[in-house]
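Q: Below is the file start_17.csv, with CSV, N, CA and C atoms.
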chain,number,residue,atom,x,y,z
A,1,MET,N,45.5,21.3,-94.1
A,1,MET,CA,45.0,21.7,-92.8
A,1,MET,C,43.8,20.8,-92.4
A,2,LYS,N,43.9,20.3,-91.2
A,2,LYS,CA,42.9,19.4,-90.7
A,2,LYS,C,41.8,20.2,-90.0
A,3,GLU,N,40.6,20.2,-90.6
A,3,GLU,CA,39.6,21.0,-90.0
A,3,GLU,C,38.2,20.3,-89.9
A,4,ALA,N,38.1,19.1,-90.6
A,4,ALA,CA,36.8,18.4,-90.5
A,4,ALA,C,36.9,17.4,-89.4
A,5,VAL,N,35.7,17.1,-88.8
A,5,VAL,CA,35.6,16.2,-87.7
A,5,VAL,C,34.7,15.0,-88.2
A,6,VAL,N,35.1,13.8,-87.9
A,6,VAL,CA,34.3,12.6,-88.3
A,6,VAL,C,33.9,12.0,-86.9
A,7,ARG,N,32.6,11.7,-86.8
A,7,ARG,CA,32.1,11.1,-85.5
A,7,ARG,C,31.3,9.9,-85.9
A,8,ALA,N,31.5,8.9,-85.2
A,8,ALA,CA,30.7,7.6,-85.4
A,8,ALA,C,30.4,7.0,-84.1
A,9,ARG,N,29.3,6.4,-84.0
A,9,ARG,CA,28.9,5.6,-82.8
A,9,ARG,C,29.2,4.1,-83.1
A,10,VAL,N,30.0,3.5,-82.2
A,10,VAL,CA,30.2,2.1,-82.4
A,10,VAL,C,30.1,1.4,-81.0
A,11,ASP,N,29.9,0.1,-81.1
A,11,ASP,CA,29.8,-0.7,-79.9
A,11,ASP,C,31.1,-0.5,-79.0
A,12,SER,N,31.0,-0.4,-77.7
A,12,SER,CA,32.1,-0.1,-76.9
A,12,SER,C,33.2,-1.2,-76.9
A,13,GLN,N,32.7,-2.5,-77.0
A,13,GLN,CA,33.6,-3.6,-77.1
A,13,GLN,C,34.4,-3.6,-78.4
A,14,LEU,N,33.7,-3.2,-79.5
A,14,LEU,CA,34.4,-3.1,-80.8
A,14,LEU,C,35.5,-2.1,-80.7
A,15,LYS,N,35.2,-0.9,-80.1
A,15,LYS,CA,36.1,0.2,-80.0
A,15,LYS,C,37.3,-0.3,-79.2
A,16,GLU,N,37.1,-0.9,-78.1
A,16,GLU,CA,38.1,-1.3,-77.2
A,16,GLU,C,39.0,-2.4,-77.9
A,17,ASP,N,38.4,-3.4,-78.5
A,17,ASP,CA,39.2,-4.4,-79.2
A,17,ASP,C,40.0,-3.9,-80.3
A,18,SER,N,39.4,-3.0,-81.1
A,18,SER,CA,40.1,-2.4,-82.2
A,18,SER,C,41.3,-1.5,-81.7
A,19,GLU,N,41.1,-0.7,-80.7
A,19,GLU,CA,42.1,0.1,-80.2
A,19,GLU,C,43.3,-0.7,-79.6
A,20,ALA,N,43.0,-1.9,-79.1
A,20,ALA,CA,44.1,-2.8,-78.6
A,20,ALA,C,45.0,-3.3,-79.8
A,21,VAL,N,44.3,-3.6,-80.9
A,21,VAL,CA,45.0,-4.1,-82.1
A,21,VAL,C,45.8,-2.9,-82.7
A,22,LEU,N,45.2,-1.8,-82.8
A,22,LEU,CA,45.9,-0.6,-83.4
A,22,LEU,C,47.1,-0.2,-82.5
A,23,ALA,N,47.0,-0.3,-81.2
A,23,ALA,CA,48.1,0.0,-80.3
A,23,ALA,C,49.3,-0.9,-80.6
A,24,LYS,N,49.0,-2.2,-80.8
A,24,LYS,CA,50.1,-3.1,-81.1
A,24,LYS,C,50.8,-2.7,-82.4
A,25,LEU,N,50.0,-2.1,-83.3
A,25,LEU,CA,50.5,-1.7,-84.6
A,25,LEU,C,51.2,-0.3,-84.5
A,26,GLY,N,51.0,0.3,-83.4
A,26,GLY,CA,51.7,1.6,-83.1
A,26,GLY,C,51.0,2.8,-83.8
A,27,ILE,N,49.7,2.6,-84.0
A,27,ILE,CA,48.9,3.7,-84.6
A,27,ILE,C,47.6,4.0,-83.7
A,28,SER,N,47.2,5.2,-83.8
A,28,SER,CA,46.0,5.6,-83.1
A,28,SER,C,44.7,5.3,-84.0
A,29,THR,N,43.6,5.3,-83.3
A,29,THR,CA,42.3,5.2,-84.0
A,29,THR,C,42.2,6.3,-85.1
A,30,THR,N,42.5,7.5,-84.7
A,30,THR,CA,42.5,8.6,-85.7
A,30,THR,C,43.4,8.4,-86.9
A,31,GLU,N,44.6,7.9,-86.6
A,31,GLU,CA,45.5,7.6,-87.8
A,31,GLU,C,44.9,6.5,-88.7
A,32,ALA,N,44.3,5.4,-88.0
A,32,ALA,CA,43.7,4.3,-88.8
A,32,ALA,C,42.6,4.8,-89.7
A,33,ILE,N,41.7,5.7,-89.1
A,33,ILE,CA,40.6,6.2,-89.9
A,33,ILE,C,41.1,7.1,-91.0
A,34,ARG,N,42.1,7.9,-90.8
A,34,ARG,CA,42.7,8.7,-91.8
A,34,ARG,C,43.3,7.8,-92.9
A,35,MET,N,44.0,6.7,-92.5
A,35,MET,CA,44.5,5.8,-93.5
A,35,MET,C,43.4,5.2,-94.4
A,36,PHE,N,42.3,4.8,-93.7
A,36,PHE,CA,41.2,4.2,-94.4
A,36,PHE,C,40.6,5.2,-95.4
A,37,LEU,N,40.3,6.4,-95.0
A,37,LEU,CA,39.7,7.4,-95.8
A,37,LEU,C,40.6,7.7,-97.0
A,38,SER,N,41.9,7.8,-96.8
A,38,SER,CA,42.9,8.0,-97.8
A,38,SER,C,42.8,6.9,-98.9
A,39,GLN,N,42.7,5.7,-98.4
A,39,GLN,CA,42.6,4.5,-99.4
A,39,GLN,C,41.3,4.6,-100.2
A,40,VAL,N,40.2,5.0,-99.5
A,40,VAL,CA,38.9,5.1,-100.2
A,40,VAL,C,39.1,6.1,-101.3
A,41,ARG,N,39.7,7.3,-101.0
A,41,ARG,CA,39.9,8.3,-102.0
A,41,ARG,C,40.8,7.8,-103.1
A,42,LEU,N,41.9,7.2,-102.8
A,42,LEU,CA,42.8,6.7,-103.8
A,42,LEU,C,42.2,5.6,-104.7
A,43,ARG,N,41.4,4.7,-104.2
A,43,ARG,CA,40.9,3.6,-104.9
A,43,ARG,C,39.5,3.9,-105.5
A,44,LYS,N,38.9,5.1,-105.0
A,44,LYS,CA,37.6,5.5,-105.4
A,44,LYS,C,36.6,4.4,-105.1
A,45,GLY,N,36.7,3.8,-103.9
A,45,GLY,CA,35.8,2.8,-103.4
A,45,GLY,C,36.4,2.2,-102.1
A,46,MET,N,35.8,1.1,-101.7
A,46,MET,CA,36.3,0.4,-100.5
A,46,MET,C,37.7,-0.2,-100.8
A,47,PRO,N,38.6,-0.1,-99.8
A,47,PRO,CA,40.0,-0.6,-100.0
A,47,PRO,C,40.1,-2.1,-99.8
A,48,PHE,N,39.0,-2.8,-99.7
A,48,PHE,CA,38.9,-4.3,-99.6
A,48,PHE,C,37.7,-4.8,-100.2
A,49,PRO,N,37.7,-6.0,-100.6
A,49,PRO,CA,36.5,-6.6,-101.3
A,49,PRO,C,35.3,-6.7,-100.3
A,50,LEU,N,34.1,-6.5,-100.7
A,50,LEU,CA,32.9,-6.6,-99.9
A,50,LEU,C,32.1,-7.7,-100.6
A,51,SER,N,31.6,-8.6,-99.8
A,51,SER,CA,30.7,-9.7,-100.3
A,51,SER,C,29.8,-10.2,-99.2
A,52,ILE,N,28.8,-10.9,-99.6
A,52,ILE,CA,27.9,-11.5,-98.6
A,52,ILE,C,28.3,-13.0,-98.5
A,53,PRO,N,28.7,-13.5,-97.4
A,53,PRO,CA,29.1,-14.9,-97.3
A,53,PRO,C,27.9,-15.8,-97.6
A,54,THR,N,28.3,-16.9,-98.3
A,54,THR,CA,27.2,-17.9,-98.5
A,54,THR,C,27.6,-19.1,-97.8
A,55,THR,N,26.6,-20.0,-97.7
A,55,THR,CA,26.9,-21.3,-97.0
A,55,THR,C,27.9,-22.2,-97.6
A,56,ASP,N,28.1,-22.0,-98.9
A,56,ASP,CA,29.0,-22.9,-99.6
A,56,ASP,C,30.4,-22.3,-99.8
A,57,ASP,N,30.7,-21.2,-99.1
A,57,ASP,CA,32.0,-20.6,-99.1
A,57,ASP,C,33.1,-21.5,-98.7
A,58,ASP,N,32.8,-22.4,-97.7
A,58,ASP,CA,33.8,-23.3,-97.2
A,58,ASP,C,34.2,-24.3,-98.3
A,59,LEU,N,33.3,-24.6,-99.2
A,59,LEU,CA,33.6,-25.6,-100.2
A,59,LEU,C,34.6,-25.0,-101.2
A,60,LEU,N,34.7,-23.7,-101.3
A,60,LEU,CA,35.6,-23.0,-102.2
A,60,LEU,C,37.0,-22.8,-101.6
A,61,ALA,N,37.1,-23.1,-100.3
A,61,ALA,CA,38.4,-22.9,-99.6
A,61,ALA,C,39.4,-23.9,-100.0
A,62,PRO,N,40.7,-23.6,-99.8
A,62,PRO,CA,41.8,-24.6,-100.1
A,62,PRO,C,41.5,-25.9,-99.3
A,63,ALA,N,42.0,-27.0,-99.8
A,63,ALA,CA,41.8,-28.3,-99.2
A,63,ALA,C,42.1,-28.4,-97.7
A,64,PRO,N,43.2,-27.9,-97.2
A,64,PRO,CA,43.5,-28.0,-95.8
A,64,PRO,C,42.4,-27.3,-94.9
A,65,HIS,N,42.0,-26.2,-95.4
A,65,HIS,CA,40.9,-25.4,-94.6
A,65,HIS,C,39.6,-26.2,-94.7
A,66,ARG,N,39.3,-26.7,-95.9
A,66,ARG,CA,38.0,-27.5,-96.0
A,66,ARG,C,38.0,-28.6,-95.0
A,67,GLN,N,39.2,-29.3,-94.9
A,67,GLN,CA,39.2,-30.4,-94.0
A,67,GLN,C,38.9,-30.0,-92.5
A,68,VAL,N,39.5,-28.9,-92.1
A,68,VAL,CA,39.3,-28.4,-90.8
A,68,VAL,C,37.8,-28.1,-90.6
A,69,VAL,N,37.1,-27.5,-91.6
A,69,VAL,CA,35.7,-27.1,-91.5
A,69,VAL,C,34.9,-28.4,-91.4
A,70,LEU,N,35.2,-29.4,-92.2
A,70,LEU,CA,34.5,-30.7,-92.2
A,70,LEU,C,34.7,-31.4,-90.8
A,71,ASP,N,35.9,-31.4,-90.3
A,71,ASP,CA,36.2,-32.0,-89.0
A,71,ASP,C,35.3,-31.3,-87.9
A,72,GLU,N,35.3,-30.0,-87.9
A,72,GLU,CA,34.5,-29.2,-86.9
A,72,GLU,C,33.0,-29.5,-87.1
A,73,PHE,N,32.6,-29.7,-88.3
A,73,PHE,CA,31.2,-30.0,-88.5
A,73,PHE,C,30.8,-31.3,-87.9
A,74,TYR,N,31.6,-32.3,-88.2
A,74,TYR,CA,31.3,-33.7,-87.7
A,74,TYR,C,31.6,-33.9,-86.2
A,75,ASP,N,32.4,-33.0,-85.6
A,75,ASP,CA,32.6,-33.0,-84.2
A,75,ASP,C,31.4,-32.6,-83.4
A,76,ASP,N,30.5,-31.8,-84.0
A,76,ASP,CA,29.3,-31.4,-83.3
A,76,ASP,C,28.3,-32.5,-83.2
What would you get if you wrote out this structure as structure tokens?

A:
Amino acid sequence: MKEAVVRARVDSQLKEDSEAVLAKLGISTTEAIRMFLSQVRLRKGMPFPLSIPTTDDDLLAPAPHRQVVLDEFYDD
């Protein structure tokens, strides 16, 4: 039985952009949140890795991606 309510304040543009993506996937925001929370419970943590990006992350990328990053850097 669904009886709990989850409320969150988010930037209106984030909400709009996210809802557009979810609509293309055929799911509502409510369904997406329910799926997220179900995965948190199942995995007993976040369902995706969390990390703080570092400035050398691009150096660890696959060679083709590294080349794109280098090209963009030198184009500036």

Q: List the neighbours of range 22-35 of chain A out to 12 Å using only C-alpha atoms; skip same-chain residues closer than 4 positions along the sequence, and give me the result as a list in words.

A: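 These residues fall inside the cut-off: Lys2, Ala4, Val5, Val6, Arg7, Ala8, Leu14, Lys15, Glu16, Asp17, Ser18, Gln39, Val40, Arg41, Leu42 and Pro47 of chain A.
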
Q: Enumerate the residues of range 4-67 of chain A with a DSSP assignment of alpha helix (DSSP H), computed from the backbone, and present them as a PyMOL selection string.

A: chain A and resi 12-25+29-43+63-67

Q: Please measure the separation of CA of Ala63 in chain A and CA of Asp75 in chain A, giving the value in Å to one decimal.

A: 18.2 Å
